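S.K.: Handing over input.cif, mmCIF, N, CA and C atoms.
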data_final
#
loop_
_atom_site.label_atom_id
_atom_site.label_comp_id
_atom_site.auth_asym_id
_atom_site.auth_seq_id
_atom_site.Cartn_x
_atom_site.Cartn_y
_atom_site.Cartn_z
N MET O 90 15.76 9.86 19.99
CA MET O 90 14.55 9.09 19.94
C MET O 90 14.13 8.89 18.47
N ARG O 91 13.59 7.73 18.20
CA ARG O 91 13.09 7.40 16.86
C ARG O 91 11.61 7.07 16.96
N VAL O 92 10.88 7.37 15.90
CA VAL O 92 9.45 7.09 15.88
C VAL O 92 9.06 6.45 14.55
N ASP O 93 8.02 5.64 14.57
CA ASP O 93 7.48 5.06 13.34
C ASP O 93 6.43 6.03 12.79
N MET O 94 6.59 6.39 11.52
CA MET O 94 5.72 7.39 10.90
C MET O 94 5.12 6.85 9.60
N LEU O 95 3.96 7.37 9.26
CA LEU O 95 3.38 7.08 7.95
C LEU O 95 4.37 7.55 6.89
N PHE O 96 4.76 6.66 6.00
CA PHE O 96 5.70 6.98 4.93
C PHE O 96 4.95 7.21 3.62
N ALA O 97 4.01 6.31 3.32
CA ALA O 97 3.29 6.40 2.06
C ALA O 97 1.98 5.63 2.17
N LYS O 98 1.04 6.01 1.28
CA LYS O 98 -0.24 5.32 1.28
C LYS O 98 -0.81 5.31 -0.13
N ILE O 99 -1.32 4.17 -0.54
CA ILE O 99 -2.12 4.07 -1.77
C ILE O 99 -3.55 3.91 -1.27
N HIS O 100 -4.35 4.92 -1.53
CA HIS O 100 -5.66 5.04 -0.89
C HIS O 100 -6.79 4.49 -1.74
N ARG O 101 -7.53 3.54 -1.16
CA ARG O 101 -8.75 2.99 -1.74
C ARG O 101 -8.55 2.38 -3.13
N CYS O 102 -7.57 1.48 -3.23
CA CYS O 102 -7.38 0.75 -4.49
C CYS O 102 -8.23 -0.52 -4.46
N LYS O 103 -8.47 -1.06 -5.62
CA LYS O 103 -9.32 -2.24 -5.75
C LYS O 103 -8.48 -3.50 -5.91
N VAL O 104 -8.77 -4.51 -5.11
CA VAL O 104 -8.11 -5.81 -5.25
C VAL O 104 -8.54 -6.42 -6.58
N THR O 105 -7.57 -6.81 -7.39
CA THR O 105 -7.87 -7.42 -8.68
C THR O 105 -7.79 -8.94 -8.65
N GLU O 106 -7.10 -9.46 -7.63
CA GLU O 106 -6.91 -10.91 -7.55
C GLU O 106 -6.49 -11.28 -6.13
N ALA O 107 -6.83 -12.50 -5.74
CA ALA O 107 -6.35 -13.08 -4.49
C ALA O 107 -5.82 -14.46 -4.84
N ASN O 108 -4.52 -14.67 -4.62
CA ASN O 108 -3.86 -15.90 -5.04
C ASN O 108 -3.35 -16.66 -3.81
N LEU O 109 -4.15 -17.58 -3.34
CA LEU O 109 -3.83 -18.34 -2.13
C LEU O 109 -2.56 -19.17 -2.29
N ASN O 110 -2.24 -19.62 -3.48
CA ASN O 110 -1.13 -20.54 -3.71
C ASN O 110 0.21 -19.86 -3.97
N TYR O 111 0.26 -18.55 -3.89
CA TYR O 111 1.53 -17.84 -4.04
C TYR O 111 2.24 -17.83 -2.69
N VAL O 112 3.54 -17.67 -2.68
CA VAL O 112 4.34 -17.75 -1.45
C VAL O 112 3.90 -16.72 -0.41
N GLY O 113 3.55 -15.53 -0.81
CA GLY O 113 3.15 -14.48 0.13
C GLY O 113 3.30 -13.12 -0.49
N SER O 114 2.91 -12.08 0.21
CA SER O 114 3.10 -10.70 -0.20
C SER O 114 1.84 -10.09 -0.82
N ILE O 115 2.01 -8.87 -1.32
CA ILE O 115 0.99 -8.20 -2.12
C ILE O 115 1.66 -7.69 -3.38
N SER O 116 1.12 -8.06 -4.53
CA SER O 116 1.63 -7.56 -5.81
C SER O 116 0.92 -6.25 -6.11
N ILE O 117 1.71 -5.21 -6.40
CA ILE O 117 1.17 -3.87 -6.64
C ILE O 117 1.72 -3.35 -7.96
N ASP O 118 0.84 -2.82 -8.80
CA ASP O 118 1.26 -2.16 -10.04
C ASP O 118 2.49 -1.30 -9.72
N SER O 119 3.59 -1.55 -10.43
CA SER O 119 4.85 -0.86 -10.11
C SER O 119 4.76 0.65 -10.29
N LYS O 120 3.86 1.12 -11.15
CA LYS O 120 3.68 2.57 -11.29
C LYS O 120 3.11 3.16 -10.00
N LEU O 121 2.20 2.45 -9.36
CA LEU O 121 1.66 2.90 -8.08
C LEU O 121 2.72 2.86 -7.00
N MET O 122 3.53 1.80 -7.00
CA MET O 122 4.61 1.70 -6.03
C MET O 122 5.57 2.88 -6.18
N ASP O 123 5.97 3.16 -7.41
CA ASP O 123 6.90 4.27 -7.66
C ASP O 123 6.30 5.60 -7.21
N ALA O 124 5.03 5.83 -7.53
CA ALA O 124 4.38 7.09 -7.18
C ALA O 124 4.33 7.29 -5.66
N ALA O 125 4.16 6.20 -4.93
CA ALA O 125 4.08 6.28 -3.48
C ALA O 125 5.45 6.20 -2.81
N GLY O 126 6.46 5.74 -3.54
CA GLY O 126 7.78 5.54 -2.94
C GLY O 126 7.89 4.23 -2.18
N ILE O 127 6.97 3.31 -2.47
CA ILE O 127 7.03 2.00 -1.83
C ILE O 127 8.01 1.13 -2.61
N MET O 128 8.97 0.55 -1.91
CA MET O 128 10.02 -0.24 -2.54
C MET O 128 9.70 -1.73 -2.50
N GLU O 129 10.28 -2.46 -3.43
CA GLU O 129 10.13 -3.92 -3.43
C GLU O 129 10.62 -4.48 -2.10
N GLY O 130 9.81 -5.31 -1.50
CA GLY O 130 10.17 -5.92 -0.22
C GLY O 130 9.81 -5.08 0.99
N MET O 131 9.32 -3.88 0.79
CA MET O 131 8.99 -3.00 1.90
C MET O 131 7.77 -3.54 2.66
N LYS O 132 7.85 -3.45 3.97
CA LYS O 132 6.75 -3.88 4.83
C LYS O 132 5.57 -2.92 4.67
N VAL O 133 4.37 -3.48 4.47
CA VAL O 133 3.16 -2.67 4.34
C VAL O 133 2.03 -3.29 5.15
N ASP O 134 1.14 -2.44 5.60
CA ASP O 134 -0.12 -2.88 6.16
C ASP O 134 -1.17 -2.73 5.07
N VAL O 135 -2.10 -3.67 5.05
CA VAL O 135 -3.21 -3.61 4.11
C VAL O 135 -4.49 -3.59 4.94
N VAL O 136 -5.31 -2.58 4.72
CA VAL O 136 -6.56 -2.40 5.44
C VAL O 136 -7.70 -2.61 4.45
N ASN O 137 -8.54 -3.60 4.72
CA ASN O 137 -9.64 -3.93 3.82
C ASN O 137 -10.88 -3.15 4.25
N ILE O 138 -11.32 -2.23 3.42
CA ILE O 138 -12.49 -1.41 3.71
C ILE O 138 -13.76 -2.27 3.74
N ASN O 139 -13.82 -3.31 2.91
CA ASN O 139 -15.04 -4.12 2.81
C ASN O 139 -15.33 -4.96 4.04
N ASN O 140 -14.28 -5.52 4.66
CA ASN O 140 -14.55 -6.44 5.76
C ASN O 140 -13.82 -6.11 7.07
N GLY O 141 -13.05 -5.03 7.08
CA GLY O 141 -12.37 -4.62 8.30
C GLY O 141 -11.08 -5.36 8.60
N GLU O 142 -10.71 -6.32 7.76
CA GLU O 142 -9.44 -7.04 7.98
C GLU O 142 -8.26 -6.09 7.83
N ARG O 143 -7.23 -6.37 8.60
CA ARG O 143 -5.98 -5.61 8.52
C ARG O 143 -4.86 -6.61 8.66
N PHE O 144 -3.88 -6.57 7.75
CA PHE O 144 -2.77 -7.50 7.84
C PHE O 144 -1.49 -6.84 7.35
N THR O 145 -0.38 -7.42 7.75
CA THR O 145 0.94 -6.93 7.38
C THR O 145 1.58 -7.92 6.42
N THR O 146 2.22 -7.39 5.39
CA THR O 146 2.93 -8.22 4.42
C THR O 146 4.05 -7.37 3.81
N TYR O 147 4.53 -7.77 2.65
CA TYR O 147 5.56 -6.98 1.97
C TYR O 147 5.16 -6.81 0.51
N ALA O 148 5.64 -5.72 -0.08
CA ALA O 148 5.25 -5.36 -1.44
C ALA O 148 6.17 -5.97 -2.48
N ILE O 149 5.57 -6.45 -3.57
CA ILE O 149 6.34 -6.86 -4.75
C ILE O 149 5.71 -6.18 -5.96
N PRO O 150 6.53 -5.80 -6.93
CA PRO O 150 5.99 -5.07 -8.08
C PRO O 150 5.28 -5.99 -9.07
N ALA O 151 4.15 -5.48 -9.57
CA ALA O 151 3.46 -6.10 -10.70
C ALA O 151 3.73 -5.21 -11.92
N LYS O 152 3.34 -5.66 -13.06
CA LYS O 152 3.59 -4.94 -14.31
C LYS O 152 3.06 -3.50 -14.23
N ALA O 153 3.87 -2.56 -14.68
CA ALA O 153 3.49 -1.15 -14.68
C ALA O 153 2.24 -0.92 -15.51
N ASN O 154 1.37 -0.07 -15.01
CA ASN O 154 0.12 0.31 -15.67
C ASN O 154 -0.87 -0.84 -15.83
N SER O 155 -0.65 -1.92 -15.09
CA SER O 155 -1.56 -3.06 -15.17
C SER O 155 -2.77 -2.90 -14.26
N GLY O 156 -2.64 -2.04 -13.26
CA GLY O 156 -3.71 -1.87 -12.28
C GLY O 156 -3.77 -3.01 -11.27
N VAL O 157 -2.82 -3.92 -11.30
CA VAL O 157 -2.85 -5.11 -10.45
C VAL O 157 -2.64 -4.76 -8.97
N ILE O 158 -3.55 -5.27 -8.16
CA ILE O 158 -3.42 -5.31 -6.71
C ILE O 158 -3.80 -6.74 -6.34
N CYS O 159 -2.82 -7.59 -6.10
CA CYS O 159 -3.07 -9.01 -5.87
C CYS O 159 -2.60 -9.40 -4.47
N ILE O 160 -3.53 -9.91 -3.68
CA ILE O 160 -3.22 -10.38 -2.34
C ILE O 160 -2.75 -11.83 -2.47
N ASN O 161 -1.54 -12.10 -1.99
CA ASN O 161 -0.92 -13.41 -2.19
C ASN O 161 -0.80 -14.20 -0.88
N GLY O 162 -0.75 -15.52 -1.01
CA GLY O 162 -0.50 -16.39 0.14
C GLY O 162 -1.69 -16.44 1.08
N ALA O 163 -1.41 -16.73 2.34
CA ALA O 163 -2.47 -16.89 3.34
C ALA O 163 -3.36 -15.66 3.46
N ALA O 164 -2.81 -14.48 3.23
CA ALA O 164 -3.60 -13.25 3.32
C ALA O 164 -4.71 -13.20 2.28
N ALA O 165 -4.62 -14.05 1.25
CA ALA O 165 -5.67 -14.09 0.22
C ALA O 165 -7.02 -14.47 0.83
N ARG O 166 -7.01 -15.03 2.03
CA ARG O 166 -8.26 -15.34 2.73
C ARG O 166 -8.87 -14.09 3.36
N LYS O 167 -8.12 -12.99 3.37
CA LYS O 167 -8.58 -11.76 4.02
C LYS O 167 -9.12 -10.73 3.03
N ALA O 168 -9.05 -11.03 1.73
CA ALA O 168 -9.54 -10.09 0.72
C ALA O 168 -9.97 -10.85 -0.53
N HIS O 169 -10.92 -10.29 -1.24
CA HIS O 169 -11.44 -10.89 -2.47
C HIS O 169 -11.33 -9.87 -3.60
N SER O 170 -11.33 -10.35 -4.82
CA SER O 170 -11.35 -9.45 -5.97
C SER O 170 -12.52 -8.49 -5.81
N GLY O 171 -12.26 -7.23 -6.06
CA GLY O 171 -13.28 -6.20 -5.94
C GLY O 171 -13.28 -5.48 -4.61
N ASP O 172 -12.65 -6.06 -3.59
CA ASP O 172 -12.56 -5.37 -2.29
C ASP O 172 -11.73 -4.09 -2.44
N ILE O 173 -12.07 -3.10 -1.65
CA ILE O 173 -11.33 -1.84 -1.63
C ILE O 173 -10.39 -1.86 -0.43
N VAL O 174 -9.10 -1.59 -0.68
CA VAL O 174 -8.09 -1.63 0.37
C VAL O 174 -7.27 -0.34 0.38
N ILE O 175 -6.64 -0.12 1.52
CA ILE O 175 -5.66 0.96 1.65
C ILE O 175 -4.33 0.28 1.97
N ILE O 176 -3.29 0.62 1.22
CA ILE O 176 -1.96 0.05 1.42
C ILE O 176 -1.12 1.12 2.10
N ILE O 177 -0.57 0.79 3.26
CA ILE O 177 0.13 1.77 4.09
C ILE O 177 1.56 1.29 4.37
N ALA O 178 2.53 2.17 4.11
CA ALA O 178 3.93 1.89 4.45
C ALA O 178 4.36 2.88 5.52
N TYR O 179 5.22 2.41 6.41
CA TYR O 179 5.73 3.24 7.50
C TYR O 179 7.25 3.33 7.40
N ALA O 180 7.81 4.33 8.06
CA ALA O 180 9.27 4.47 8.13
C ALA O 180 9.64 4.83 9.55
N ASN O 181 10.78 4.33 9.98
CA ASN O 181 11.30 4.65 11.29
C ASN O 181 12.31 5.77 11.10
N MET O 182 12.10 6.89 11.78
CA MET O 182 12.99 8.04 11.58
C MET O 182 13.24 8.77 12.89
N LYS O 183 14.26 9.58 12.88
CA LYS O 183 14.57 10.40 14.05
C LYS O 183 13.43 11.40 14.26
N LEU O 184 13.15 11.68 15.51
CA LEU O 184 12.06 12.58 15.87
C LEU O 184 12.17 13.92 15.16
N LYS O 185 13.36 14.47 15.08
CA LYS O 185 13.55 15.77 14.42
C LYS O 185 13.15 15.70 12.94
N ALA O 186 13.55 14.66 12.26
CA ALA O 186 13.17 14.50 10.85
C ALA O 186 11.68 14.25 10.70
N ALA O 187 11.11 13.50 11.63
CA ALA O 187 9.70 13.15 11.57
C ALA O 187 8.80 14.38 11.66
N LYS O 188 9.24 15.38 12.41
CA LYS O 188 8.42 16.58 12.59
C LYS O 188 8.17 17.33 11.29
N ASN O 189 9.07 17.20 10.33
CA ASN O 189 8.93 17.92 9.06
C ASN O 189 8.61 17.00 7.88
N PHE O 190 8.49 15.72 8.15
CA PHE O 190 8.27 14.75 7.06
C PHE O 190 6.84 14.82 6.54
N LYS O 191 6.68 14.75 5.23
CA LYS O 191 5.37 14.73 4.58
C LYS O 191 5.24 13.41 3.82
N PRO O 192 4.32 12.55 4.22
CA PRO O 192 4.15 11.27 3.53
C PRO O 192 3.58 11.47 2.12
N LYS O 193 3.85 10.49 1.26
CA LYS O 193 3.29 10.50 -0.10
C LYS O 193 1.99 9.72 -0.08
N ILE O 194 0.95 10.33 -0.61
CA ILE O 194 -0.36 9.70 -0.69
C ILE O 194 -0.76 9.62 -2.17
N VAL O 195 -1.17 8.44 -2.60
CA VAL O 195 -1.61 8.24 -3.99
C VAL O 195 -3.08 7.87 -3.97
N PHE O 196 -3.89 8.65 -4.66
CA PHE O 196 -5.31 8.38 -4.80
C PHE O 196 -5.54 7.79 -6.19
N VAL O 197 -6.36 6.74 -6.24
CA VAL O 197 -6.60 6.04 -7.51
C VAL O 197 -8.09 6.01 -7.83
N ASP O 198 -8.38 5.73 -9.10
CA ASP O 198 -9.77 5.57 -9.51
C ASP O 198 -10.18 4.10 -9.39
N SER O 199 -11.33 3.75 -9.91
CA SER O 199 -11.85 2.39 -9.77
C SER O 199 -11.07 1.34 -10.57
N ASN O 200 -10.16 1.80 -11.44
CA ASN O 200 -9.29 0.89 -12.20
C ASN O 200 -7.86 0.93 -11.71
N ASN O 201 -7.65 1.49 -10.52
CA ASN O 201 -6.31 1.62 -9.92
C ASN O 201 -5.36 2.46 -10.76
N ARG O 202 -5.91 3.47 -11.40
CA ARG O 202 -5.11 4.45 -12.13
C ARG O 202 -4.97 5.68 -11.25
N ILE O 203 -3.81 6.31 -11.27
CA ILE O 203 -3.54 7.46 -10.41
C ILE O 203 -4.44 8.63 -10.79
N VAL O 204 -5.12 9.18 -9.77
CA VAL O 204 -5.94 10.37 -9.94
C VAL O 204 -5.15 11.58 -9.46
N THR O 205 -4.65 11.49 -8.23
CA THR O 205 -3.79 12.54 -7.67
C THR O 205 -2.74 11.90 -6.78
N LYS O 206 -1.65 12.60 -6.61
CA LYS O 206 -0.59 12.12 -5.72
C LYS O 206 0.14 13.33 -5.18
N GLY O 207 0.82 13.12 -4.08
CA GLY O 207 1.61 14.19 -3.52
C GLY O 207 1.91 13.97 -2.06
N GLU O 208 2.56 14.95 -1.48
CA GLU O 208 2.86 14.92 -0.06
C GLU O 208 1.76 15.67 0.66
N VAL O 209 1.36 15.13 1.81
CA VAL O 209 0.28 15.77 2.55
C VAL O 209 0.64 15.88 4.03
N ASP O 210 -0.03 16.80 4.70
CA ASP O 210 0.08 16.88 6.15
C ASP O 210 -0.80 15.80 6.74
N VAL O 211 -0.37 15.19 7.83
CA VAL O 211 -1.19 14.17 8.48
C VAL O 211 -1.65 14.66 9.83
#
What do you get writing this file as structure tokens?

M.R.:
Amino acid sequence: MRVDMLFAKIHRCKVTEANLNYVGSISIDSKLMDAAGIMEGMKVDVVNINNGERFTTYAIPAKANSGVICINGAAARKAHSGDIVIIIAYANMKLKAAKNFKPKIVFVDSNNRIVTKGEVDV
């Protein structure tokens, strides 16, 4: 049996831009992506704390240490600059592996700089 599990999360980051005319995706500071283990093209859910919107897209790297969190394409209608979002990645794994898996959680400050990171129990 296989199950979908929380793989990584960037918790309460601030949207810096919403670009309706981009093809799609979410641009994420590559340092944040690396810290969370989120790979380019990886499927992510984005949960908007400000308005309750939730959508699925894929991650693309933005310049390291830029603090960029840019909602691209049609999803740009679901978030505005300054909104606080949670970016969540999942992984499909065997049940046995899932029982011992610890997701990576990255906490950021108001400028999307890493405050703490690590593996946590869920």

S.K.: Considering all atoms listed in the file, state which residue in the set O:Ile117, O:Cys102, O:Ile160, O:Met94 is at the smallest distance from Ile173 of chain O.

M.R.: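 Once distances to Ile173 of chain O are computed over all atoms listed in the file, the minimum belongs to O:Cys102.
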
S.K.: For the provided coordinates, the residues matched by the PyMOL selection byres (((chain O and resi 136 and name CA) around 12) and name CA) should be stated as a CSV table (one decimal) with N, CA and C atoms, in the frame of the given file.

M.R.:
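Listed below is the output, out_10.csv:
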chain,number,residue,atom,x,y,z
O,98,LYS,N,1.0,6.0,1.3
O,98,LYS,CA,-0.2,5.3,1.3
O,98,LYS,C,-0.8,5.3,-0.1
O,99,ILE,N,-1.3,4.2,-0.5
O,99,ILE,CA,-2.1,4.1,-1.8
O,99,ILE,C,-3.6,3.9,-1.3
O,100,HIS,N,-4.4,4.9,-1.5
O,100,HIS,CA,-5.7,5.0,-0.9
O,100,HIS,C,-6.8,4.5,-1.7
O,101,ARG,N,-7.5,3.5,-1.2
O,101,ARG,CA,-8.8,3.0,-1.7
O,101,ARG,C,-8.6,2.4,-3.1
O,102,CYS,N,-7.6,1.5,-3.2
O,102,CYS,CA,-7.4,0.8,-4.5
O,102,CYS,C,-8.2,-0.5,-4.5
O,103,LYS,N,-8.5,-1.1,-5.6
O,103,LYS,CA,-9.3,-2.2,-5.8
O,103,LYS,C,-8.5,-3.5,-5.9
O,104,VAL,N,-8.8,-4.5,-5.1
O,104,VAL,CA,-8.1,-5.8,-5.2
O,104,VAL,C,-8.5,-6.4,-6.6
O,133,VAL,N,4.4,-3.5,4.5
O,133,VAL,CA,3.2,-2.7,4.3
O,133,VAL,C,2.0,-3.3,5.2
O,134,ASP,N,1.1,-2.4,5.6
O,134,ASP,CA,-0.1,-2.9,6.2
O,134,ASP,C,-1.2,-2.7,5.1
O,135,VAL,N,-2.1,-3.7,5.0
O,135,VAL,CA,-3.2,-3.6,4.1
O,135,VAL,C,-4.5,-3.6,4.9
O,137,ASN,N,-8.5,-3.6,4.7
O,137,ASN,CA,-9.6,-3.9,3.8
O,137,ASN,C,-10.9,-3.2,4.2
O,138,ILE,N,-11.3,-2.2,3.4
O,138,ILE,CA,-12.5,-1.4,3.7
O,138,ILE,C,-13.8,-2.3,3.7
O,139,ASN,N,-13.8,-3.3,2.9
O,139,ASN,CA,-15.0,-4.1,2.8
O,139,ASN,C,-15.3,-5.0,4.0
O,140,ASN,N,-14.3,-5.5,4.7
O,140,ASN,CA,-14.6,-6.4,5.8
O,140,ASN,C,-13.8,-6.1,7.1
O,141,GLY,N,-13.0,-5.0,7.1
O,141,GLY,CA,-12.4,-4.6,8.3
O,141,GLY,C,-11.1,-5.4,8.6
O,142,GLU,N,-10.7,-6.3,7.8
O,142,GLU,CA,-9.4,-7.0,8.0
O,142,GLU,C,-8.3,-6.1,7.8
O,143,ARG,N,-7.2,-6.4,8.6
O,143,ARG,CA,-6.0,-5.6,8.5
O,143,ARG,C,-4.9,-6.6,8.7
O,144,PHE,N,-3.9,-6.6,7.8
O,144,PHE,CA,-2.8,-7.5,7.8
O,144,PHE,C,-1.5,-6.8,7.4
O,145,THR,N,-0.4,-7.4,7.8
O,145,THR,CA,0.9,-6.9,7.4
O,145,THR,C,1.6,-7.9,6.4
O,146,THR,N,2.2,-7.4,5.4
O,146,THR,CA,2.9,-8.2,4.4
O,146,THR,C,4.0,-7.4,3.8
O,160,ILE,N,-3.5,-9.9,-3.7
O,160,ILE,CA,-3.2,-10.4,-2.3
O,160,ILE,C,-2.8,-11.8,-2.5
O,164,ALA,N,-2.8,-14.5,3.2
O,164,ALA,CA,-3.6,-13.2,3.3
O,164,ALA,C,-4.7,-13.2,2.3
O,167,LYS,N,-8.1,-13.0,3.4
O,167,LYS,CA,-8.6,-11.8,4.0
O,167,LYS,C,-9.1,-10.7,3.0
O,168,ALA,N,-9.0,-11.0,1.7
O,168,ALA,CA,-9.5,-10.1,0.7
O,168,ALA,C,-10.0,-10.8,-0.5
O,172,ASP,N,-12.6,-6.1,-3.6
O,172,ASP,CA,-12.6,-5.4,-2.3
O,172,ASP,C,-11.7,-4.1,-2.4
O,173,ILE,N,-12.1,-3.1,-1.6
O,173,ILE,CA,-11.3,-1.8,-1.6
O,173,ILE,C,-10.4,-1.9,-0.4
O,174,VAL,N,-9.1,-1.6,-0.7
O,174,VAL,CA,-8.1,-1.6,0.4
O,174,VAL,C,-7.3,-0.3,0.4
O,175,ILE,N,-6.6,-0.1,1.5
O,175,ILE,CA,-5.7,1.0,1.6
O,175,ILE,C,-4.3,0.3,2.0
O,176,ILE,N,-3.3,0.6,1.2
O,176,ILE,CA,-2.0,0.0,1.4
O,176,ILE,C,-1.1,1.1,2.1
O,177,ILE,N,-0.6,0.8,3.3
O,177,ILE,CA,0.1,1.8,4.1
O,177,ILE,C,1.6,1.3,4.4
O,178,ALA,N,2.5,2.2,4.1
O,178,ALA,CA,3.9,1.9,4.4
O,178,ALA,C,4.4,2.9,5.5

S.K.: Between O:Gly130, O:Lys185, O:Met122, O:Val157, which residue has the minimum interatomic distance to Val92 of chain O, considering all atoms listed in the file?

M.R.: O:Lys185

S.K.: Just to confirm, what's the straight-line distance from atom CA of Ile194 of chain O to atom CA of Leu95 of chain O in Å (one decimal)?

M.R.: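 Distance reported for this atom pair: 9.8 Å.
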
S.K.: Up to 8 Å from (-2.6, -16.3, -1.0) in the file's coordinates: name the residues, counting all atoms listed in the file, as a ChimeraX atom specification.

M.R.: /O:107-114,159-167

S.K.: At a cut-off of 6 Å, using only C-alpha atoms, what residues contact Ser116 of chain O? Leave out same-chain residues fewer than 3 positions from it and give the result as a PDB file with N, CA and C atoms, keeping the file's coordinate frame.

M.R.:
ATOM      1  N   ILE O 149       5.570  -6.450  -3.570  1.00  0.00           N
ATOM      2  CA  ILE O 149       6.340  -6.860  -4.750  1.00  0.00           C
ATOM      3  C   ILE O 149       5.710  -6.180  -5.960  1.00  0.00           C
ATOM      4  N   PRO O 150       6.530  -5.800  -6.930  1.00  0.00           N
ATOM      5  CA  PRO O 150       5.990  -5.070  -8.080  1.00  0.00           C
ATOM      6  C   PRO O 150       5.280  -5.990  -9.070  1.00  0.00           C
ATOM      7  N   ALA O 151       4.150  -5.480  -9.570  1.00  0.00           N
ATOM      8  CA  ALA O 151       3.460  -6.100 -10.700  1.00  0.00           C
ATOM      9  C   ALA O 151       3.730  -5.210 -11.920  1.00  0.00           C
ATOM     10  N   ILE O 158      -3.550  -5.270  -8.160  1.00  0.00           N
ATOM     11  CA  ILE O 158      -3.420  -5.310  -6.710  1.00  0.00           C
ATOM     12  C   ILE O 158      -3.800  -6.740  -6.340  1.00  0.00           C
ATOM     13  N   CYS O 159      -2.820  -7.590  -6.100  1.00  0.00           N
ATOM     14  CA  CYS O 159      -3.070  -9.010  -5.870  1.00  0.00           C
ATOM     15  C   CYS O 159      -2.600  -9.400  -4.470  1.00  0.00           C
TER      16      CYS O 159
END

S.K.: Can you list, as a VMD selection string, every residue of segment 135-176 of chain O that DSSP puts in strand (DSSP E)?

M.R.: chain O and resid 135 to 137 143 to 151 158 to 161 173 to 176

S.K.: Hey, can you spit out that residue selection with N, CA and C atoms as a PDB file, keeping the file's coordinate frame?

M.R.:
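Output file out-v5.pdb is given in full below:
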ATOM      1  N   VAL O 135      -2.100  -3.670   5.050  1.00  0.00           N
ATOM      2  CA  VAL O 135      -3.210  -3.610   4.110  1.00  0.00           C
ATOM      3  C   VAL O 135      -4.490  -3.590   4.940  1.00  0.00           C
ATOM      4  N   VAL O 136      -5.310  -2.580   4.720  1.00  0.00           N
ATOM      5  CA  VAL O 136      -6.560  -2.400   5.440  1.00  0.00           C
ATOM      6  C   VAL O 136      -7.700  -2.610   4.450  1.00  0.00           C
ATOM      7  N   ASN O 137      -8.540  -3.600   4.720  1.00  0.00           N
ATOM      8  CA  ASN O 137      -9.640  -3.930   3.820  1.00  0.00           C
ATOM      9  C   ASN O 137     -10.880  -3.150   4.250  1.00  0.00           C
ATOM     10  N   ARG O 143      -7.230  -6.370   8.600  1.00  0.00           N
ATOM     11  CA  ARG O 143      -5.980  -5.610   8.520  1.00  0.00           C
ATOM     12  C   ARG O 143      -4.860  -6.610   8.660  1.00  0.00           C
ATOM     13  N   PHE O 144      -3.880  -6.570   7.750  1.00  0.00           N
ATOM     14  CA  PHE O 144      -2.770  -7.500   7.840  1.00  0.00           C
ATOM     15  C   PHE O 144      -1.490  -6.840   7.350  1.00  0.00           C
ATOM     16  N   THR O 145      -0.380  -7.420   7.750  1.00  0.00           N
ATOM     17  CA  THR O 145       0.940  -6.930   7.380  1.00  0.00           C
ATOM     18  C   THR O 145       1.580  -7.920   6.420  1.00  0.00           C
ATOM     19  N   THR O 146       2.220  -7.390   5.390  1.00  0.00           N
ATOM     20  CA  THR O 146       2.930  -8.220   4.420  1.00  0.00           C
ATOM     21  C   THR O 146       4.050  -7.370   3.810  1.00  0.00           C
ATOM     22  N   TYR O 147       4.530  -7.770   2.650  1.00  0.00           N
ATOM     23  CA  TYR O 147       5.560  -6.980   1.970  1.00  0.00           C
ATOM     24  C   TYR O 147       5.160  -6.810   0.510  1.00  0.00           C
ATOM     25  N   ALA O 148       5.640  -5.720  -0.080  1.00  0.00           N
ATOM     26  CA  ALA O 148       5.250  -5.360  -1.440  1.00  0.00           C
ATOM     27  C   ALA O 148       6.170  -5.970  -2.480  1.00  0.00           C
ATOM     28  N   ILE O 149       5.570  -6.450  -3.570  1.00  0.00           N
ATOM     29  CA  ILE O 149       6.340  -6.860  -4.750  1.00  0.00           C
ATOM     30  C   ILE O 149       5.710  -6.180  -5.960  1.00  0.00           C
ATOM     31  N   PRO O 150       6.530  -5.800  -6.930  1.00  0.00           N
ATOM     32  CA  PRO O 150       5.990  -5.070  -8.080  1.00  0.00           C
ATOM     33  C   PRO O 150       5.280  -5.990  -9.070  1.00  0.00           C
ATOM     34  N   ALA O 151       4.150  -5.480  -9.570  1.00  0.00           N
ATOM     35  CA  ALA O 151       3.460  -6.100 -10.700  1.00  0.00           C
ATOM     36  C   ALA O 151       3.730  -5.210 -11.920  1.00  0.00           C
ATOM     37  N   ILE O 158      -3.550  -5.270  -8.160  1.00  0.00           N
ATOM     38  CA  ILE O 158      -3.420  -5.310  -6.710  1.00  0.00           C
ATOM     39  C   ILE O 158      -3.800  -6.740  -6.340  1.00  0.00           C
ATOM     40  N   CYS O 159      -2.820  -7.590  -6.100  1.00  0.00           N
ATOM     41  CA  CYS O 159      -3.070  -9.010  -5.870  1.00  0.00           C
ATOM     42  C   CYS O 159      -2.600  -9.400  -4.470  1.00  0.00           C
ATOM     43  N   ILE O 160      -3.530  -9.910  -3.680  1.00  0.00           N
ATOM     44  CA  ILE O 160      -3.220 -10.380  -2.340  1.00  0.00           C
ATOM     45  C   ILE O 160      -2.750 -11.830  -2.470  1.00  0.00           C
ATOM     46  N   ASN O 161      -1.540 -12.100  -1.990  1.00  0.00           N
ATOM     47  CA  ASN O 161      -0.920 -13.410  -2.190  1.00  0.00           C
ATOM     48  C   ASN O 161      -0.800 -14.200  -0.880  1.00  0.00           C
ATOM     49  N   ILE O 173     -12.070  -3.100  -1.650  1.00  0.00           N
ATOM     50  CA  ILE O 173     -11.330  -1.840  -1.630  1.00  0.00           C
ATOM     51  C   ILE O 173     -10.390  -1.860  -0.430  1.00  0.00           C
ATOM     52  N   VAL O 174      -9.100  -1.590  -0.680  1.00  0.00           N
ATOM     53  CA  VAL O 174      -8.090  -1.630   0.370  1.00  0.00           C
ATOM     54  C   VAL O 174      -7.270  -0.340   0.380  1.00  0.00           C
ATOM     55  N   ILE O 175      -6.640  -0.120   1.520  1.00  0.00           N
ATOM     56  CA  ILE O 175      -5.660   0.960   1.650  1.00  0.00           C
ATOM     57  C   ILE O 175      -4.330   0.280   1.970  1.00  0.00           C
ATOM     58  N   ILE O 176      -3.290   0.620   1.220  1.00  0.00           N
ATOM     59  CA  ILE O 176      -1.960   0.050   1.420  1.00  0.00           C
ATOM     60  C   ILE O 176      -1.120   1.120   2.100  1.00  0.00           C
TER      61      ILE O 176
END
